[in-house]
$ cat input.csv   # CSV, C-alpha atoms
chain,number,residue,atom,x,y,z
A,1,MET,CA,16.8,-15.6,-16.4
A,2,THR,CA,13.2,-16.5,-16.2
A,3,LEU,CA,13.3,-19.1,-19.0
A,4,PRO,CA,16.3,-21.2,-17.8
A,5,ALA,CA,15.1,-21.0,-14.2
A,6,GLY,CA,11.6,-21.9,-15.2
A,7,ILE,CA,12.7,-24.9,-17.2
A,8,LEU,CA,14.8,-26.2,-14.3
A,9,LEU,CA,11.8,-25.7,-12.0
A,10,ILE,CA,9.4,-27.5,-14.3
A,11,LEU,CA,11.8,-30.5,-14.6
A,12,PHE,CA,12.9,-30.8,-11.0
A,13,ASP,CA,10.4,-29.2,-8.7
A,14,LYS,CA,9.9,-31.2,-5.6
A,15,HIS,CA,7.7,-28.7,-3.7
A,16,GLU,CA,5.2,-27.9,-6.4
A,17,SER,CA,3.4,-24.6,-6.5
A,18,TRP,CA,0.7,-25.7,-9.0
A,19,LEU,CA,-2.5,-24.7,-7.3
A,20,ASP,CA,-5.7,-26.7,-8.1
A,21,ARG,CA,-3.6,-28.9,-10.4
A,22,GLU,CA,-6.3,-31.5,-11.1
A,23,ALA,CA,-9.0,-28.9,-11.9
A,24,HIS,CA,-6.8,-26.8,-14.2
A,25,TRP,CA,-5.3,-29.8,-16.0
A,26,GLY,CA,-8.6,-31.5,-16.5
A,27,ARG,CA,-10.1,-28.3,-17.9
A,28,LEU,CA,-7.1,-27.8,-20.2
A,29,LEU,CA,-7.3,-31.4,-21.5
A,30,GLN,CA,-11.1,-31.0,-22.1
A,31,ILE,CA,-10.6,-27.8,-24.1
A,32,SER,CA,-7.7,-29.3,-26.1
A,33,GLN,CA,-10.0,-32.2,-27.1
A,34,GLY,CA,-12.5,-29.8,-28.5
A,35,THR,CA,-15.0,-29.6,-25.7
A,36,LEU,CA,-15.1,-25.9,-24.8
A,37,LEU,CA,-17.6,-26.2,-22.0
A,38,PRO,CA,-17.5,-28.6,-19.0
A,39,VAL,CA,-20.2,-31.2,-18.7
A,40,PRO,CA,-22.6,-31.8,-15.7
A,41,ASN,CA,-21.8,-34.4,-13.1
A,42,PRO,CA,-23.9,-37.5,-13.8
A,43,ASP,CA,-24.8,-37.7,-10.1
A,44,GLY,CA,-27.2,-34.8,-10.7
A,45,LYS,CA,-25.8,-32.7,-7.8
A,46,GLY,CA,-25.2,-29.7,-10.1
A,47,SER,CA,-21.4,-29.7,-10.3
A,48,PHE,CA,-19.5,-29.5,-13.6
A,49,GLY,CA,-16.3,-31.0,-14.8
A,50,GLY,CA,-15.1,-33.7,-17.2
A,51,PHE,CA,-14.2,-37.4,-17.5
A,52,ASN,CA,-10.5,-38.4,-17.0
A,53,HIS,CA,-8.8,-41.0,-19.1
A,54,GLU,CA,-10.1,-43.8,-16.9
A,55,GLY,CA,-13.7,-42.6,-17.5
A,56,VAL,CA,-14.1,-41.2,-13.9
A,57,PHE,CA,-15.9,-37.9,-13.6
A,58,GLU,CA,-13.8,-35.1,-11.9
A,59,ASN,CA,-15.2,-31.8,-10.7
A,60,PHE,CA,-13.4,-28.7,-11.9
A,61,ASN,CA,-14.0,-26.7,-8.8
A,62,ASN,CA,-13.6,-23.0,-9.7
A,63,THR,CA,-12.0,-23.7,-13.2
A,64,ALA,CA,-15.2,-24.8,-14.8
A,65,ILE,CA,-16.2,-21.3,-16.0
A,66,ASN,CA,-12.7,-20.3,-17.3
A,67,SER,CA,-12.7,-19.5,-21.0
A,68,PRO,CA,-10.5,-21.5,-23.4
A,69,PHE,CA,-8.4,-18.4,-24.0
A,70,VAL,CA,-6.6,-18.6,-20.6
A,71,TYR,CA,-5.5,-22.1,-21.4
A,72,LEU,CA,-4.2,-21.4,-24.9
A,73,PRO,CA,-0.5,-21.6,-24.0
A,74,GLY,CA,-0.9,-24.9,-22.2
A,75,ILE,CA,-2.9,-26.4,-25.1
A,76,LEU,CA,0.3,-26.2,-27.2
A,77,GLY,CA,1.7,-29.0,-25.0
A,78,HIS,CA,-0.6,-31.5,-26.7
A,79,GLY,CA,-1.7,-33.2,-23.5
A,80,HIS,CA,1.7,-33.7,-22.0
A,81,VAL,CA,2.1,-32.1,-18.5
A,82,LYS,CA,5.8,-31.1,-18.9
A,83,LEU,CA,5.3,-29.8,-22.5
A,84,ALA,CA,2.2,-27.8,-21.4
A,85,SER,CA,4.2,-26.3,-18.6
A,86,LEU,CA,7.1,-25.4,-20.9
A,87,SER,CA,4.8,-23.9,-23.6
A,88,THR,CA,3.0,-21.9,-20.9
A,89,LEU,CA,6.3,-20.6,-19.5
A,90,LEU,CA,7.6,-19.7,-23.0
A,91,VAL,CA,4.4,-17.9,-24.2
A,92,CYS,CA,3.8,-16.0,-21.0
A,93,ALA,CA,7.4,-15.0,-20.5
A,94,CYS,CA,7.5,-13.6,-24.0
A,95,LEU,CA,4.2,-11.7,-23.5
A,96,ILE,CA,5.5,-10.2,-20.3
A,97,ALA,CA,8.8,-9.3,-21.9
A,98,PHE,CA,6.8,-7.6,-24.7
A,99,ALA,CA,4.7,-5.8,-22.1
A,100,ILE,CA,7.8,-4.5,-20.3
A,101,SER,CA,9.2,-3.2,-23.6
A,102,LEU,CA,5.9,-1.5,-24.5
A,103,SER,CA,5.6,0.3,-21.1
A,104,LYS,CA,8.5,2.5,-22.0
A,105,GLY,CA,9.2,4.8,-19.1
A,106,PHE,CA,7.5,2.3,-16.8
A,107,ALA,CA,9.7,-0.6,-17.9
A,108,PRO,CA,11.8,-0.8,-14.7
A,109,ALA,CA,8.6,-0.9,-12.7
A,110,PHE,CA,7.0,-3.6,-14.9
A,111,LEU,CA,10.2,-5.6,-14.6
A,112,GLY,CA,10.2,-5.3,-10.8
A,113,ILE,CA,6.6,-6.5,-10.7
A,114,SER,CA,7.1,-9.3,-13.1
A,115,MET,CA,10.1,-10.6,-11.2
A,116,LEU,CA,8.0,-11.3,-8.1
A,117,PRO,CA,8.1,-15.1,-7.4
A,118,MET,CA,4.3,-15.1,-7.3
A,119,ASN,CA,4.3,-14.3,-11.0
A,120,PHE,CA,7.3,-16.5,-11.9
A,121,LEU,CA,5.8,-19.5,-10.2
A,122,SER,CA,2.4,-18.9,-11.8
A,123,ILE,CA,3.7,-19.0,-15.4
A,124,CYS,CA,5.6,-22.3,-14.8
A,125,TYR,CA,2.3,-24.2,-14.7
A,126,PRO,CA,-0.6,-24.4,-17.2
A,127,THR,CA,-3.2,-22.5,-15.1
A,128,ALA,CA,-5.6,-19.6,-15.7
A,129,ASP,CA,-3.4,-17.4,-13.6
A,130,ALA,CA,-0.5,-17.7,-16.0
A,131,MET,CA,-2.3,-16.2,-19.0
A,132,THR,CA,-4.3,-13.8,-16.8
A,133,ASN,CA,-1.2,-12.3,-15.3
A,134,ALA,CA,0.7,-12.1,-18.6
A,135,PHE,CA,-2.1,-10.7,-20.6
A,136,SER,CA,-3.0,-8.1,-18.0
A,137,LEU,CA,0.5,-6.8,-18.1
A,138,LEU,CA,0.4,-6.7,-21.9
A,139,PHE,CA,-2.9,-4.8,-22.0
A,140,ILE,CA,-1.7,-2.2,-19.4
A,141,GLY,CA,1.7,-2.0,-21.1
A,142,PHE,CA,0.2,-1.3,-24.5
A,143,THR,CA,-2.2,1.3,-23.1
A,144,LEU,CA,0.8,3.1,-21.4
A,145,TYR,CA,2.7,2.8,-24.6
A,146,VAL,CA,0.0,4.8,-26.5
A,147,LEU,CA,-0.2,7.3,-23.6
A,148,GLN,CA,3.5,8.0,-23.7
A,149,SER,CA,3.6,8.4,-27.5
A,150,THR,CA,4.4,11.9,-28.7
A,151,ASP,CA,1.9,11.7,-31.5
A,152,PRO,CA,-1.9,11.3,-31.5
A,153,ILE,CA,-3.2,7.8,-31.5
A,154,THR,CA,-2.9,6.0,-34.9
A,155,ASN,CA,-5.4,3.7,-36.7
A,156,ARG,CA,-3.1,0.7,-36.0
A,157,GLN,CA,-2.9,1.5,-32.3
A,158,SER,CA,-6.6,2.0,-32.2
A,159,LEU,CA,-7.3,-1.4,-33.8
A,160,THR,CA,-4.7,-3.1,-31.6
A,161,LEU,CA,-6.3,-1.7,-28.5
A,162,ILE,CA,-9.8,-2.8,-29.5
A,163,VAL,CA,-8.5,-6.3,-30.3
A,164,LEU,CA,-6.7,-6.5,-26.9
A,165,SER,CA,-9.9,-5.3,-25.2
A,166,ILE,CA,-11.8,-8.2,-26.7
A,167,PHE,CA,-9.4,-10.7,-25.1
A,168,LEU,CA,-9.3,-8.7,-21.9
A,169,GLY,CA,-12.9,-9.8,-21.4
A,170,LEU,CA,-11.9,-13.5,-21.8
A,171,ILE,CA,-9.5,-13.7,-19.0
A,172,LYS,CA,-10.7,-13.7,-15.4
A,173,ILE,CA,-13.9,-11.6,-15.2
A,174,THR,CA,-12.4,-9.6,-12.3
A,175,CYS,CA,-10.0,-8.1,-14.8
A,176,ALA,CA,-12.8,-6.4,-16.8
A,177,PRO,CA,-12.4,-3.1,-14.7
A,178,LEU,CA,-8.9,-2.7,-16.3
A,179,ILE,CA,-10.7,-1.5,-19.4
A,180,LEU,CA,-11.2,1.8,-17.6
A,181,LEU,CA,-7.5,2.5,-18.1
A,182,VAL,CA,-8.2,3.4,-21.8
A,183,TRP,CA,-10.2,6.4,-20.6
A,184,LEU,CA,-6.9,8.1,-19.7
A,185,LEU,CA,-6.4,8.6,-23.5
A,186,PRO,CA,-8.8,11.5,-23.9
A,187,HIS,CA,-7.2,13.3,-21.0
A,188,HIS,CA,-3.7,13.2,-22.4
A,189,ALA,CA,-2.4,16.5,-23.7
A,190,LYS,CA,-2.0,15.5,-27.3
A,191,ASN,CA,-5.5,14.1,-27.5
A,192,ILE,CA,-7.5,17.0,-25.8
A,193,ASN,CA,-10.3,18.2,-28.1
A,194,ALA,CA,-9.9,15.2,-30.4
A,195,LYS,CA,-12.9,13.0,-31.1
A,196,LYS,CA,-10.9,9.9,-32.2
A,197,PRO,CA,-9.6,8.9,-28.7
A,198,ILE,CA,-13.1,9.1,-27.2
A,199,LEU,CA,-14.4,6.9,-30.1
A,200,VAL,CA,-11.6,4.4,-29.5
A,201,CYS,CA,-12.3,4.3,-25.8
A,202,CYS,CA,-16.0,3.7,-26.4
A,203,LEU,CA,-15.3,0.9,-28.9
A,204,ALA,CA,-12.6,-0.7,-26.6
A,205,THR,CA,-14.9,-0.6,-23.6
A,206,PHE,CA,-17.8,-2.0,-25.6
A,207,ALA,CA,-15.5,-4.8,-26.8
A,208,THR,CA,-14.5,-5.9,-23.3
A,209,LEU,CA,-18.1,-5.7,-22.0
A,210,LEU,CA,-19.4,-7.6,-25.0
A,211,SER,CA,-16.8,-10.5,-24.7
A,212,THR,CA,-17.3,-10.7,-21.0
A,213,ALA,CA,-21.1,-10.7,-21.2
A,214,THR,CA,-21.0,-13.3,-24.0
A,215,TRP,CA,-18.9,-15.7,-22.1
A,216,MET,CA,-20.9,-15.1,-18.9
A,217,HIS,CA,-24.1,-15.9,-20.9
A,218,ILE,CA,-22.5,-19.1,-22.4
A,219,THR,CA,-21.6,-20.3,-18.9
A,220,ALA,CA,-24.7,-19.0,-17.1
A,221,HIS,CA,-25.8,-22.6,-16.4
A,222,ILE,CA,-22.5,-23.4,-14.6
A,223,PRO,CA,-22.1,-22.5,-10.9
A,224,GLY,CA,-19.0,-20.5,-9.8
A,225,SER,CA,-17.5,-23.4,-7.9
A,226,ALA,CA,-18.1,-27.1,-7.2
A,227,ALA,CA,-18.9,-26.2,-3.6
A,228,VAL,CA,-22.4,-24.9,-4.6
A,229,THR,CA,-25.2,-25.9,-6.9
A,230,LEU,CA,-26.5,-23.5,-9.6
A,231,ASP,CA,-29.4,-22.6,-7.4
A,232,GLU,CA,-27.1,-21.9,-4.4
A,233,TYR,CA,-24.9,-19.8,-6.7
A,234,ALA,CA,-27.8,-17.8,-7.9
A,235,GLU,CA,-29.1,-17.3,-4.3
A,236,GLY,CA,-25.6,-16.2,-3.3
A,237,LYS,CA,-25.6,-13.5,-6.0
A,238,ARG,CA,-29.1,-12.4,-5.0
A,239,LEU,CA,-28.1,-12.0,-1.3
A,240,ILE,CA,-25.2,-9.8,-2.3
A,241,PHE,CA,-27.5,-7.5,-4.3
A,242,ALA,CA,-30.1,-7.6,-1.5
A,243,HIS,CA,-27.6,-6.7,1.2
A,244,PRO,CA,-25.0,-4.4,-0.4
A,245,LEU,CA,-23.9,-2.9,2.9
A,246,GLN,CA,-23.1,-6.4,4.2
A,247,MET,CA,-21.0,-7.0,1.2
A,248,VAL,CA,-19.2,-3.7,1.8
A,249,LYS,CA,-18.6,-4.8,5.4
A,250,SER,CA,-17.1,-8.1,4.2
A,251,LEU,CA,-14.8,-6.3,1.9
A,252,PHE,CA,-13.6,-3.9,4.6
A,253,ILE,CA,-13.1,-6.8,7.1
A,254,THR,CA,-11.2,-8.8,4.4
A,255,LEU,CA,-9.0,-5.7,3.7
A,256,VAL,CA,-7.7,-5.2,7.3
A,257,GLN,CA,-8.5,-8.3,9.5
A,258,PRO,CA,-5.5,-10.0,11.1
A,259,LEU,CA,-5.1,-13.4,9.6
A,260,ASP,CA,-3.8,-15.3,12.6
A,261,ILE,CA,-6.5,-14.6,15.1
A,262,ASN,CA,-8.3,-17.8,14.5
A,263,TRP,CA,-5.5,-20.3,14.4
A,264,ASP,CA,-5.1,-20.0,10.6
A,265,GLY,CA,-8.8,-20.2,10.1
A,266,TYR,CA,-8.6,-18.0,7.0
A,267,ASN,CA,-5.9,-19.7,4.9
A,268,LEU,CA,-2.9,-17.7,6.2
A,269,GLY,CA,-0.7,-19.4,3.6
A,270,ARG,CA,-2.8,-18.1,0.8
A,271,ASN,CA,-2.3,-14.5,1.9
A,272,ILE,CA,1.5,-14.5,1.8
A,273,GLN,CA,1.9,-15.6,-1.8
A,274,LEU,CA,3.8,-12.5,-2.9
A,275,PHE,CA,7.0,-14.5,-2.6
A,276,THR,CA,5.7,-18.0,-2.4
A,277,GLY,CA,3.2,-18.6,-5.2
A,278,ASN,CA,1.4,-21.5,-3.5
A,279,GLY,CA,4.5,-23.5,-2.6
A,280,PRO,CA,6.6,-23.6,0.5
A,281,VAL,CA,6.8,-20.5,2.8
A,282,LEU,CA,10.3,-19.1,2.0
A,283,PRO,CA,12.7,-17.7,4.6
A,284,ALA,CA,13.8,-14.0,4.7
A,285,SER,CA,17.2,-15.0,3.1
A,286,VAL,CA,15.3,-15.8,-0.1
A,287,THR,CA,12.5,-13.2,-0.1
A,288,VAL,CA,14.2,-10.0,1.2
A,289,PRO,CA,16.8,-9.7,-1.7
A,290,ILE,CA,14.0,-10.1,-4.2
A,291,LEU,CA,11.9,-7.5,-2.3
A,292,PHE,CA,14.9,-5.0,-2.4
A,293,ALA,CA,15.4,-5.6,-6.2
A,294,SER,CA,11.7,-5.2,-7.0
A,295,THR,CA,11.3,-2.1,-4.9
A,296,ILE,CA,14.3,-0.4,-6.5
A,297,LEU,CA,13.0,-1.2,-10.0
A,298,ILE,CA,9.5,-0.1,-9.2
A,299,LEU,CA,10.7,3.3,-7.9
A,300,LYS,CA,13.0,3.7,-10.9
A,301,GLY,CA,9.9,3.1,-13.1
A,302,CYS,CA,8.2,6.0,-11.5
A,303,ALA,CA,10.6,8.5,-13.0
A,304,THR,CA,8.6,8.5,-16.3
A,305,ASN,CA,7.7,11.8,-17.9
A,306,LEU,CA,4.1,10.8,-18.3
A,307,HIS,CA,1.9,13.2,-16.4
A,308,ILE,CA,-1.2,11.7,-14.9
A,309,ASP,CA,-3.6,14.4,-13.6
A,310,TRP,CA,-6.2,14.1,-10.9
A,311,SER,CA,-8.8,12.6,-13.3
A,312,GLY,CA,-6.3,9.9,-14.3
A,313,ARG,CA,-5.6,9.1,-10.7
A,314,LEU,CA,-9.4,8.9,-10.0
A,315,ILE,CA,-9.6,6.4,-12.9
A,316,ALA,CA,-6.8,4.3,-11.4
A,317,ILE,CA,-8.4,4.4,-8.0
A,318,ALA,CA,-11.7,3.3,-9.5
A,319,ILE,CA,-10.0,0.4,-11.2
A,320,LEU,CA,-8.5,-0.7,-7.9
A,321,ILE,CA,-11.8,-0.5,-6.0
A,322,LEU,CA,-13.8,-2.2,-8.7
A,323,PHE,CA,-11.2,-5.0,-9.0
A,324,PHE,CA,-11.2,-5.7,-5.3
A,325,ALA,CA,-15.0,-5.5,-5.1
A,326,ALA,CA,-15.5,-7.9,-8.0
A,327,THR,CA,-12.9,-10.3,-6.6
A,328,GLY,CA,-14.6,-10.4,-3.2
A,329,ALA,CA,-18.1,-10.6,-4.6
A,330,GLY,CA,-17.1,-13.4,-7.0
A,331,ILE,CA,-15.7,-15.5,-4.2
A,332,MET,CA,-18.5,-14.7,-1.9
A,333,ALA,CA,-21.1,-15.8,-4.5
A,334,SER,CA,-19.1,-18.9,-5.4
A,335,TRP,CA,-19.6,-20.1,-1.8
A,336,GLY,CA,-23.3,-19.2,-1.7
A,337,SER,CA,-22.6,-16.0,0.3
A,338,ARG,CA,-22.5,-18.0,3.5
A,339,SER,CA,-20.2,-15.6,5.2
A,340,LEU,CA,-21.9,-12.3,4.1
A,341,GLY,CA,-21.0,-9.6,6.5
A,342,ARG,CA,-17.8,-11.4,7.7
A,343,TYR,CA,-14.4,-12.3,6.3
A,344,ILE,CA,-14.4,-13.5,2.7
A,345,ASP,CA,-12.8,-16.9,3.0
A,346,GLY,CA,-10.8,-18.0,-0.1
A,347,ILE,CA,-9.2,-14.6,-0.9
A,348,GLN,CA,-5.7,-15.1,-2.1
A,349,SER,CA,-3.0,-12.5,-2.7
A,350,ARG,CA,-2.2,-13.9,-6.1
A,351,TYR,CA,-5.6,-12.6,-7.3
A,352,TYR,CA,-4.3,-9.0,-7.1
A,353,PHE,CA,-1.3,-9.3,-9.4
A,354,PRO,CA,-3.1,-7.7,-12.5
A,355,ILE,CA,-3.6,-4.4,-10.6
A,356,TYR,CA,0.0,-3.9,-9.4
A,357,PRO,CA,0.9,-1.9,-12.5
A,358,ILE,CA,-2.2,0.3,-11.7
A,359,LEU,CA,-0.8,0.9,-8.2
A,360,ILE,CA,2.5,2.3,-9.5
A,361,MET,CA,0.5,4.9,-11.5
A,362,LEU,CA,-0.5,6.4,-8.1
A,363,ILE,CA,3.1,6.8,-6.9
A,364,PRO,CA,4.3,10.4,-7.2
A,365,ARG,CA,7.1,10.8,-9.7
A,366,VAL,CA,10.4,9.6,-8.2
A,367,LYS,CA,13.8,10.6,-9.6
A,368,MET,CA,16.3,8.0,-8.4
A,369,GLU,CA,19.7,7.0,-9.8
A,370,PHE,CA,22.8,5.3,-8.6
A,371,SER,CA,26.0,7.3,-8.2
A,372,ASN,CA,27.7,4.5,-10.1
A,373,ARG,CA,25.3,3.1,-12.7
A,374,LYS,CA,27.4,0.1,-13.5
A,375,TYR,CA,27.7,-0.9,-9.8
A,376,GLY,CA,23.9,-0.3,-9.5
A,377,ALA,CA,23.2,-2.6,-12.4
A,378,TYR,CA,25.5,-5.3,-10.9
A,379,PHE,CA,23.8,-4.9,-7.5
A,380,ILE,CA,20.2,-5.3,-8.9
A,381,SER,CA,21.3,-8.2,-11.1
A,382,GLY,CA,23.0,-9.9,-8.2
A,383,LEU,CA,19.9,-9.6,-6.1
A,384,LEU,CA,17.7,-11.1,-8.9
A,385,ILE,CA,20.2,-13.9,-9.6
A,386,TRP,CA,20.3,-14.8,-5.9
A,387,GLY,CA,16.5,-14.7,-5.8
A,388,TYR,CA,16.1,-17.1,-8.7
A,389,ALA,CA,18.9,-19.4,-7.5
A,390,SER,CA,17.6,-19.6,-3.9
A,391,LEU,CA,14.1,-20.1,-5.1
A,392,LEU,CA,15.2,-23.0,-7.3
A,393,LEU,CA,17.1,-24.5,-4.4
A,394,ALA,CA,14.1,-24.2,-2.1
A,395,HIS,CA,11.9,-25.9,-4.7
A,396,CYS,CA,14.2,-28.5,-6.2
A,397,LEU,CA,16.0,-29.9,-3.2
A,398,SER,CA,14.6,-32.5,-0.9
A,399,PHE,CA,14.6,-31.6,2.8
A,400,ALA,CA,14.4,-34.1,5.7

$ encode --input "input.csv" --output "structure tokens"
Amino acid sequence: MTLPAGILLILFDKHESWLDREAHWGRLLQISQGTLLPVPNPDGKGSFGGFNHEGVFENFNNTAINSPFVYLPGILGHGHVKLASLSTLLVCACLIAFAISLSKGFAPAFLGISMLPMNFLSICYPTADAMTNAFSLLFIGFTLYVLQSTDPITNRQSLTLIVLSIFLGLIKITCAPLILLVWLLPHHAKNINAKKPILVCCLATFATLLSTATWMHITAHIPGSAAVTLDEYAEGKRLIFAHPLQMVKSLFITLVQPLDINWDGYNLGRNIQLFTGNGPVLPASVTVPILFASTILILKGCATNLHIDWSGRLIAIAILILFFAATGAGIMASWGSRSLGRYIDGIQSRYYFPIYPILIMLIPRVKMEFSNRKYGAYFISGLLIWGYASLLLAHCLSFA
């Protein structure tokens, strides 16, 4: 359903959900033309970007430091917006479908997560989010595939995991903590007392850290956003390390603060993207059926026989904490840490999609089934079809 619905959305969307369109599209075109790094603004103010077809310089905002890997599907569109959107949809949908297949017992849960409109709308446009979401699911799905295998890890699986780990370091830097997931391998029953899984974990972790550090070194002269100069960006990072408790305070406030106490002062719309992407705020008649279907599928995916002990749960919790902390610190530094100790403005719910599969690993095993499996399948399919259809109507119709 994703491919035909996505094609219709790309062709007829009247309420676009393509966030930071100019910055993402400019960065993609720049990479497709062979320029892997953005260029400095001639005005000397310290921002980075590129020149459009009219020779006018455009700042790339927070896309300037994105690696070419996250734009690879869109580059296949050869500079045409619609073709780039279609190629992004096709590549990312296939990667996600492969991830669902690899996840084995977790497949229903992966399906439920991937059907959220936030993901569907993200892969319909050539952005860094599209590849970040799809590849995160693929990496986690493959790791769970190895964990659920009845045999010890093979050489082919080891090599694949290491290669995936290299690319994990080339999507958004906040996803680097996902590499900790591989450390579940030595704790699995079939691998206890085996040296090979520990070696694979070390190599995979090193691969992610190396690729992340390499790209960070290459882009060290580029500020995290166009809102600050390189000096302000460096000062923002220094302030975070100098006042770690203030950063922790900001993270806590951001986690629980009501979003409507300052007349939408903190981008309320950006925090309800679970069902909206970055497009129109959808009514309950659209969102609730999708929520029902996703919840049922996620719970069914928790019936897997994979046993995750306390150490595995601690690893999952560590990933969640590190991901949230890295996301908050990254945004804080990108704005020069001007709000250190207060709410982190700019946080968006779409940033957290890569860790949703980690969350399901913390859910106790649930055994759930329909009394009539055929009717249950029809029911879930009907909810998803309604969700896709109503989402398309919301985006493709003009409203007075």

$ residues_around --input "input.csv" --residues "range 75-79 of chain A" --least-positions-apart "6" --cutoff "7 Å" --atoms "all atoms listed in the file" --output "PyMOL selection string"
chain A and resi 28-29+32+87

$ atom_distance --input "input.csv" --atom1 "CA of Gln348 in chain A" --atom2 "CA of Thr254 in chain A"
10.6 Å

$ residues_near_point --input "input.csv" --point "(-13.1, -32.3, -16.0)" --cutoff "6 Å" --atoms "all atoms listed in the file" --output "PyMOL selection string"
chain A and resi 26-27+49-51+58-60

$ write_last_selection --input "input.csv" --atoms "C-alpha atoms" --output "mmCIF file, in the coordinates of the input"
data_model
loop_
_atom_site.group_PDB
_atom_site.id
_atom_site.type_symbol
_atom_site.label_atom_id
_atom_site.label_comp_id
_atom_site.auth_asym_id
_atom_site.auth_seq_id
_atom_site.Cartn_x
_atom_site.Cartn_y
_atom_site.Cartn_z
ATOM 1 C CA GLY A 26 -8.600 -31.500 -16.500
ATOM 2 C CA ARG A 27 -10.100 -28.300 -17.900
ATOM 3 C CA GLY A 49 -16.300 -31.000 -14.800
ATOM 4 C CA GLY A 50 -15.100 -33.700 -17.200
ATOM 5 C CA PHE A 51 -14.200 -37.400 -17.500
ATOM 6 C CA GLU A 58 -13.800 -35.100 -11.900
ATOM 7 C CA ASN A 59 -15.200 -31.800 -10.700
ATOM 8 C CA PHE A 60 -13.400 -28.700 -11.900
#

$ residues_around --input "input.csv" --residues "range 299-315 of chain A" --least-positions-apart "5" --cutoff "7 Å" --atoms "only C-alpha atoms" --output "PDB file with C-alpha atoms, in the coordinates of the input"
ATOM      1  CA  GLY A 105       9.200   4.800 -19.100  1.00  0.00           C
ATOM      2  CA  PHE A 106       7.500   2.300 -16.800  1.00  0.00           C
ATOM      3  CA  ALA A 107       9.700  -0.600 -17.900  1.00  0.00           C
ATOM      4  CA  PRO A 108      11.800  -0.800 -14.700  1.00  0.00           C
ATOM      5  CA  ALA A 109       8.600  -0.900 -12.700  1.00  0.00           C
ATOM      6  CA  GLN A 148       3.500   8.000 -23.700  1.00  0.00           C
ATOM      7  CA  LEU A 180     -11.200   1.800 -17.600  1.00  0.00           C
ATOM      8  CA  LEU A 181      -7.500   2.500 -18.100  1.00  0.00           C
ATOM      9  CA  LEU A 184      -6.900   8.100 -19.700  1.00  0.00           C
ATOM     10  CA  LEU A 362      -0.500   6.400  -8.100  1.00  0.00           C
ATOM     11  CA  ILE A 363       3.100   6.800  -6.900  1.00  0.00           C
ATOM     12  CA  ARG A 365       7.100  10.800  -9.700  1.00  0.00           C
ATOM     13  CA  VAL A 366      10.400   9.600  -8.200  1.00  0.00           C
ATOM     14  CA  LYS A 367      13.800  10.600  -9.600  1.00  0.00           C
ATOM     15  CA  MET A 368      16.300   8.000  -8.400  1.00  0.00           C
TER      16      MET A 368
END

$ residues_around --input "input.csv" --residues "range 89-95 of chain A" --least-positions-apart "6" --cutoff "6 Å" --atoms "all atoms listed in the file" --output "list in words"
Ile123, Cys124 and Ala134 of chain A

$ residues_around --input "input.csv" --residues "Ser285 in chain A" --least-positions-apart "5" --cutoff "12 Å" --atoms "only C-alpha atoms" --output "compact mmCIF listing (two decimals) with C-alpha atoms, in the coordinates of the input"
# COMPACT_ATOMS: atom_id res chain seq x y z
CA PHE A 275 7.00 -14.50 -2.60
CA ILE A 290 14.00 -10.10 -4.20
CA LEU A 291 11.90 -7.50 -2.30
CA PHE A 292 14.90 -5.00 -2.40
CA LEU A 383 19.90 -9.60 -6.10
CA TRP A 386 20.30 -14.80 -5.90
CA GLY A 387 16.50 -14.70 -5.80
CA ALA A 389 18.90 -19.40 -7.50
CA SER A 390 17.60 -19.60 -3.90
CA LEU A 391 14.10 -20.10 -5.10
CA ALA A 394 14.10 -24.20 -2.10

$ atom_distance --input "input.csv" --atom1 "CA of Ile153 in chain A" --atom2 "CA of Leu185 in chain A"
8.7 Å

$ atom_distance --input "input.csv" --atom1 "CA of Ser85 in chain A" --atom2 "CA of Leu168 in chain A"
22.4 Å

$ residues_around --input "input.csv" --residues "Phe120 in chain A" --least-positions-apart "4" --cutoff "8 Å" --atoms "only C-alpha atoms" --output "ChimeraX atom specification"
/A:2,6,114-116,124

$ closest_residue --input "input.csv" --among "A:Ala176, A:Ala329, A:Ile222, A:Ile358" --to "Ser47 in chain A" --atoms "all atoms listed in the file"
A:Ile222

$ closest_residue --input "input.csv" --among "A:Leu230, A:Leu320, A:Leu164, A:Val248" --to "Ser211 in chain A" --atoms "all atoms listed in the file"
A:Leu164

$ closest_residue --input "input.csv" --among "A:Thr35, A:Thr143, A:Ser158, A:Ser381" --to "Ala99 in chain A" --atoms "all atoms listed in the file"
A:Thr143

$ closest_residue --input "input.csv" --among "A:Ile360, A:Ala226, A:Met216, A:Leu72" --to "Thr295 in chain A" --atoms "only C-alpha atoms"
A:Ile360
